[in-house]
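One structure below.
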Amino acid sequence: MADRVTVIGWDGSPLTEAARSALGAATLVAGAAHHLALPEVPPLAERIRLGSVALAARRIAGHRGTAVVLADGDPGFFGVVRTLRAPEFGLEVEVVPGVSSVAAAFARAGMPWDDAQVVVAHPRTLRRAVNVCRAHAKVAVLTSPGAGPAELGLLLADVHRTFVICEELGTEREQVSVVTSDNAPDHTWRDPNVVIVIGGPASAAEDGGWIAGRDPGTGPRGWVQPDEAYGEGAALGEGETELLRAAQLARLGPRVGDLVWDIGCGSGAFAVEAARAGAAVIAVDRDPAACARTDAAARRYGVQLQVVHGSAPHVLEDLPEPDVVRVGGGGAAVVSAVADRRPQRIVAHAATRDAAELVGRDLTEHGYRVECALLQSVELDTRAWRETERNVAFLLSGVLSDRPVIR
């Protein structure tokens, strides 16, 4: 077994004394082609071209001597350190970090990044990375072949974003370009690259925040807000009451990386609260006034969401694939159209048992496991403890058990 494995992060700058010392003693060096060409690599050392990190780790585990792994940037930040430390390899790892490619990209852009989301995009996770870009004002995307700036731009075609694309950071071929998301698919971009995606209002205070990424304490406490917090004076619809919204959020569980459809968004109460959970949200309504109220609510609470004016189910045809869906209007016909798109979870409500049975039967026929509950809320005036308002609704939820959860 290798006596020691030192992982050196290289950001294009001259190697540190610690890195040169580790390289000088190495009997095996693993890295990409440009790493293995560094003059500090001992000429007699065994060299491994780094493709699969797991395969390289097995080679290193069987090597008698001292091994060095070279990697770009900070190898402990979405890098090779995680794989090398896996228990099955039994390797003792020391790390000499470099400047991460994300830090370097924001430095080139002259921007702070403590308020940024950082995601990795490869073909399997591209859609979820795009959903984070929809939901947040500042995102750094570590791309891969087949999931680069062009693919990001194509999937963000219906929303406007600014891309800062940093190609081959730390090399002589380094280039930084600023383009709009709709123009990104028109170019061929060199790997490796990092894309900073900017759109919407800044999420951190001018004097900085207290936690990296999205501040979980932004906005008022609570999953849901009182009915009077929405609507700008207009009454909320029967499917937007506080208790029903809380139950819908609990059943759907929107989270970062999800795309939520809110069909029949009304005042925007549910759409805003799903966005506050970190999910990307598309809010749909046929009423222009409802669209305007939803947009105003999003601005008021500082969340990003997309508002689409149109009638379901026809308007749904061109929307990107959802993870979870709330059907706030349209009845069984809209629920059926949504189920055809196979989201993992769907919630709907009905005013009568017959209407609930119709929706539930349709969800069952589409392969969903259906639950239905009768929700009743009674509002009391606590000064006299008298009933002031009563709301009753059937809450239906459908879970598609055969669809795997993407993490």
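Chains: A, B, ... in order of the structure tokens. Residues: from 1 per chain. Ligands: from 1, in order shown.
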Contacts between segment 42-46 of chain A and segment 65-177 of chain A, please, where a residue of segment 65-177 of chain A counts if it comes within 10 Å (with only C-alpha atoms); show its shortest atom pair and distance in Å to one decimal, rows by chain and ascending number, as CSV.
```
residue,atom,partner,partner_atom,distance
A:Thr66,CA,A:Ala45,CA,9.6
A:Ala67,CA,A:Glu46,CA,9.1
A:Val68,CA,A:Ala45,CA,10.0
```
Can you list, as a ChimeraX atom specification, every protein, DNA or RNA residue that comes within 10 Å of Ala109 of chain A when you count only C-alpha atoms, leaving out same-chain residues fewer than 5 positions away? /A:103-104,164-166,176-178,196
Residues from last step as file, N, CA, C and O atoms, as an mmCIF file, in the first residue's frame:
```
data_model
loop_
_atom_site.group_PDB
_atom_site.id
_atom_site.type_symbol
_atom_site.label_atom_id
_atom_site.label_comp_id
_atom_site.auth_asym_id
_atom_site.auth_seq_id
_atom_site.Cartn_x
_atom_site.Cartn_y
_atom_site.Cartn_z
ATOM 1 N N ALA A 103 -13.956 30.050 -6.534
ATOM 2 C CA ALA A 103 -13.372 31.281 -5.986
ATOM 3 C C ALA A 103 -12.653 32.066 -7.072
ATOM 4 O O ALA A 103 -12.749 33.304 -7.146
ATOM 5 N N ALA A 104 -11.922 31.345 -7.941
ATOM 6 C CA ALA A 104 -11.209 32.025 -9.025
ATOM 7 C C ALA A 104 -12.178 32.693 -9.997
ATOM 8 O O ALA A 104 -11.941 33.819 -10.461
ATOM 9 N N VAL A 164 -21.629 34.567 -16.664
ATOM 10 C CA VAL A 164 -20.204 34.878 -16.687
ATOM 11 C C VAL A 164 -19.500 33.532 -16.849
ATOM 12 O O VAL A 164 -19.510 32.702 -15.930
ATOM 13 N N ILE A 165 -18.928 33.290 -18.019
ATOM 14 C CA ILE A 165 -18.372 31.982 -18.356
ATOM 15 C C ILE A 165 -16.856 32.065 -18.293
ATOM 16 O O ILE A 165 -16.232 32.845 -19.023
ATOM 17 N N CYS A 166 -16.275 31.275 -17.403
ATOM 18 C CA CYS A 166 -14.827 31.285 -17.181
ATOM 19 C C CYS A 166 -14.249 29.973 -17.701
ATOM 20 O O CYS A 166 -14.464 28.915 -17.104
ATOM 21 N N VAL A 176 -12.611 34.806 -20.039
ATOM 22 C CA VAL A 176 -13.836 35.131 -19.314
ATOM 23 C C VAL A 176 -14.765 35.882 -20.258
ATOM 24 O O VAL A 176 -14.379 36.889 -20.855
ATOM 25 N N SER A 177 -15.989 35.376 -20.405
ATOM 26 C CA SER A 177 -16.970 35.977 -21.310
ATOM 27 C C SER A 177 -18.255 36.257 -20.542
ATOM 28 O O SER A 177 -18.657 35.475 -19.676
ATOM 29 N N VAL A 178 -18.902 37.364 -20.876
ATOM 30 C CA VAL A 178 -20.196 37.702 -20.294
ATOM 31 C C VAL A 178 -21.229 37.698 -21.416
ATOM 32 O O VAL A 178 -21.108 38.466 -22.375
ATOM 33 N N ILE A 196 -20.997 31.439 -13.879
ATOM 34 C CA ILE A 196 -21.704 32.197 -12.844
ATOM 35 C C ILE A 196 -23.008 32.676 -13.465
ATOM 36 O O ILE A 196 -23.000 33.368 -14.491
#
```
Tell me, as a PyMOL selection string, which residues lie within 12 Å of Val5 of chain A, counting only C-alpha atoms; anything in the same chain fewer than 5 positions away does not count. chain A and resi 22-23+25-30+56-57+59-70+80-81+84-85+89-96
Residue neighbourhood Pro149 of chain A, 8 Å, only C-alpha atoms, exclusion window fewer than 4 positions, as a list of chain:residue names: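 So the residues in contact are A:Thr143, A:Gly153, A:Ile165, A:Ala184, A:Pro185, A:Trp189, A:Val195.
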Would you output that residue set with C-alpha atoms, as a compact mmCIF listing (two decimals), in the first residue's frame?
```
# COMPACT_ATOMS: atom_id res chain seq x y z
CA THR A 143 -20.00 22.14 -15.57
CA GLY A 153 -28.80 28.35 -21.78
CA ILE A 165 -18.37 31.98 -18.36
CA ALA A 184 -24.91 30.87 -24.68
CA PRO A 185 -26.11 28.04 -26.99
CA TRP A 189 -17.20 26.58 -24.98
CA VAL A 195 -20.52 29.47 -15.20
```
Please provide the set of residues having any atom within 7 Å of segment 290-305 of chain A, restricted to only C-alpha atoms, with same-chain residues fewer than 3 positions apart removed, written as a list in words. Ala135, His136, Gly200, Gly219, Tyr230, Gly231, Gly266, Ser267, Gly268, Val272, Ala275, Arg276, Ala280, Val281, Ile282, Asp285, Asp287 and His309 of chain A
Using DSSP assignments from the backbone, pull out every residue in segment 163-257 of chain A that falls under strand (DSSP E) and give it to me as a PDB file with N, CA, C and O atoms, in the first residue's frame.
```pdb
ATOM      1  N   PHE A 163     -24.841  35.189 -17.918  1.00  0.00           N
ATOM      2  CA  PHE A 163     -23.812  34.179 -17.684  1.00  0.00           C
ATOM      3  C   PHE A 163     -22.438  34.834 -17.688  1.00  0.00           C
ATOM      4  O   PHE A 163     -22.100  35.583 -18.615  1.00  0.00           O
ATOM      5  N   VAL A 164     -21.629  34.567 -16.664  1.00  0.00           N
ATOM      6  CA  VAL A 164     -20.204  34.878 -16.687  1.00  0.00           C
ATOM      7  C   VAL A 164     -19.500  33.532 -16.849  1.00  0.00           C
ATOM      8  O   VAL A 164     -19.510  32.702 -15.930  1.00  0.00           O
ATOM      9  N   ILE A 165     -18.928  33.290 -18.019  1.00  0.00           N
ATOM     10  CA  ILE A 165     -18.372  31.982 -18.356  1.00  0.00           C
ATOM     11  C   ILE A 165     -16.856  32.065 -18.293  1.00  0.00           C
ATOM     12  O   ILE A 165     -16.232  32.845 -19.023  1.00  0.00           O
ATOM     13  N   CYS A 166     -16.275  31.275 -17.403  1.00  0.00           N
ATOM     14  CA  CYS A 166     -14.827  31.285 -17.181  1.00  0.00           C
ATOM     15  C   CYS A 166     -14.249  29.973 -17.701  1.00  0.00           C
ATOM     16  O   CYS A 166     -14.464  28.915 -17.104  1.00  0.00           O
ATOM     17  N   GLU A 167     -13.517  30.057 -18.810  1.00  0.00           N
ATOM     18  CA  GLU A 167     -12.963  28.867 -19.453  1.00  0.00           C
ATOM     19  C   GLU A 167     -11.490  28.687 -19.077  1.00  0.00           C
ATOM     20  O   GLU A 167     -10.722  29.646 -19.047  1.00  0.00           O
ATOM     21  N   GLN A 175     -10.112  32.356 -20.444  1.00  0.00           N
ATOM     22  CA  GLN A 175     -10.941  33.390 -21.066  1.00  0.00           C
ATOM     23  C   GLN A 175     -12.214  33.557 -20.252  1.00  0.00           C
ATOM     24  O   GLN A 175     -12.827  32.572 -19.823  1.00  0.00           O
ATOM     25  N   VAL A 176     -12.611  34.806 -20.039  1.00  0.00           N
ATOM     26  CA  VAL A 176     -13.836  35.131 -19.314  1.00  0.00           C
ATOM     27  C   VAL A 176     -14.765  35.882 -20.258  1.00  0.00           C
ATOM     28  O   VAL A 176     -14.379  36.889 -20.855  1.00  0.00           O
ATOM     29  N   SER A 177     -15.989  35.376 -20.405  1.00  0.00           N
ATOM     30  CA  SER A 177     -16.970  35.977 -21.310  1.00  0.00           C
ATOM     31  C   SER A 177     -18.255  36.257 -20.542  1.00  0.00           C
ATOM     32  O   SER A 177     -18.657  35.475 -19.676  1.00  0.00           O
ATOM     33  N   VAL A 178     -18.902  37.364 -20.876  1.00  0.00           N
ATOM     34  CA  VAL A 178     -20.196  37.702 -20.294  1.00  0.00           C
ATOM     35  C   VAL A 178     -21.229  37.698 -21.416  1.00  0.00           C
ATOM     36  O   VAL A 178     -21.108  38.466 -22.375  1.00  0.00           O
ATOM     37  N   VAL A 179     -22.223  36.820 -21.310  1.00  0.00           N
ATOM     38  CA  VAL A 179     -23.259  36.703 -22.334  1.00  0.00           C
ATOM     39  C   VAL A 179     -24.603  36.536 -21.651  1.00  0.00           C
ATOM     40  O   VAL A 179     -24.687  36.178 -20.477  1.00  0.00           O
ATOM     41  N   THR A 180     -25.669  36.801 -22.371  1.00  0.00           N
ATOM     42  CA  THR A 180     -27.001  36.494 -21.865  1.00  0.00           C
ATOM     43  C   THR A 180     -27.286  35.010 -22.091  1.00  0.00           C
ATOM     44  O   THR A 180     -26.715  34.384 -22.989  1.00  0.00           O
ATOM     45  N   ASN A 193     -14.869  24.574 -17.552  1.00  0.00           N
ATOM     46  CA  ASN A 193     -15.347  25.941 -17.356  1.00  0.00           C
ATOM     47  C   ASN A 193     -16.288  26.005 -16.166  1.00  0.00           C
ATOM     48  O   ASN A 193     -16.859  25.003 -15.741  1.00  0.00           O
ATOM     49  N   VAL A 194     -16.395  27.207 -15.636  1.00  0.00           N
ATOM     50  CA  VAL A 194     -17.326  27.516 -14.550  1.00  0.00           C
ATOM     51  C   VAL A 194     -18.247  28.606 -15.053  1.00  0.00           C
ATOM     52  O   VAL A 194     -17.794  29.571 -15.684  1.00  0.00           O
ATOM     53  N   VAL A 195     -19.551  28.471 -14.776  1.00  0.00           N
ATOM     54  CA  VAL A 195     -20.519  29.471 -15.199  1.00  0.00           C
ATOM     55  C   VAL A 195     -21.134  30.128 -13.965  1.00  0.00           C
ATOM     56  O   VAL A 195     -21.684  29.433 -13.097  1.00  0.00           O
ATOM     57  N   ILE A 196     -20.997  31.439 -13.879  1.00  0.00           N
ATOM     58  CA  ILE A 196     -21.704  32.197 -12.844  1.00  0.00           C
ATOM     59  C   ILE A 196     -23.008  32.676 -13.465  1.00  0.00           C
ATOM     60  O   ILE A 196     -23.000  33.368 -14.491  1.00  0.00           O
ATOM     61  N   VAL A 197     -24.122  32.293 -12.856  1.00  0.00           N
ATOM     62  CA  VAL A 197     -25.445  32.621 -13.384  1.00  0.00           C
ATOM     63  C   VAL A 197     -26.062  33.682 -12.479  1.00  0.00           C
ATOM     64  O   VAL A 197     -26.242  33.456 -11.275  1.00  0.00           O
ATOM     65  N   ILE A 198     -26.376  34.832 -13.076  1.00  0.00           N
ATOM     66  CA  ILE A 198     -26.878  35.977 -12.317  1.00  0.00           C
ATOM     67  C   ILE A 198     -28.262  36.347 -12.839  1.00  0.00           C
ATOM     68  O   ILE A 198     -28.490  36.431 -14.046  1.00  0.00           O
TER      69      ILE A 198
END
```
Can you tell me, as an MDAnalysis selection string, what residues are no more than 10 Å from Ala137 of chain A when counting only C-alpha atoms, ignoring any on the same chain fewer than 2 positions away? chainID A and resid 115:117 132:135 139 161 197:204 214 303:304
As a ChimeraX atom specification, please: every residue in segment 128-344 of chain A that DSSP puts in alpha helix (DSSP H). /A:128-135,149-155,242-252,269-276,288-301,331-340
With only C-alpha atoms as the counted atoms, please give the residues lying no more than 10 Å from Ala332 of chain A, apart from itself and same-chain residues fewer than 5 positions off, as a list in words.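 Close residues of Ala332 of chain A: Val327, Ala337, Val338, Ala348, Ala350, Ala355, Ala356, Glu357, Leu358, Val359, Gly360, Arg361, Asp362 and Leu363 of chain A.
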Between atom CA of Ala150 of chain A and atom CA of Gln344 of chain A - distance in Å to one decimal: 27.6 Å
Nearest residue to Gly98 of chain A out of A:Val130, A:Val41, A:Ala18, A:Leu259, using only C-alpha atoms?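 Counting only C-alpha atoms, the residue closest to Gly98 of chain A is A:Ala18.
If you look at atom CA of Glu151 of chain A and atom CA of Asp182 of chain A, they are 10.5 Å away from each other.
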In terms of the shortest atom-to-atom distance over only C-alpha atoms, which of A:Gly398, A:Trp385, A:Arg255, A:Gln376 is closest to Ser336 of chain A?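 Using only C-alpha atoms, the shortest distance to Ser336 of chain A belongs to A:Gly398.
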Please compute the atom CA of Ala107 of chain A-atom CA of Val256 of chain A distance, one decimal, in Å.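 Result for atom CA of Ala107 of chain A versus atom CA of Val256 of chain A: 25.9 Å, one decimal.
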Rank A:Gly24, A:Val159, A:Arg173, A:Asp340 by their smallest atom-to-atom distance to Gly12 of chain A, using only C-alpha atoms, and report the top residue only.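 Among the listed residues, A:Arg173 lies closest to Gly12 of chain A.
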Of the listed residues A:Arg190, A:Arg251, A:His35, A:Arg383, that which approaches Leu50 of chain A most closely, counting only C-alpha atoms: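 Looking at the shortest contact to Leu50 of chain A, the residue is A:His35.
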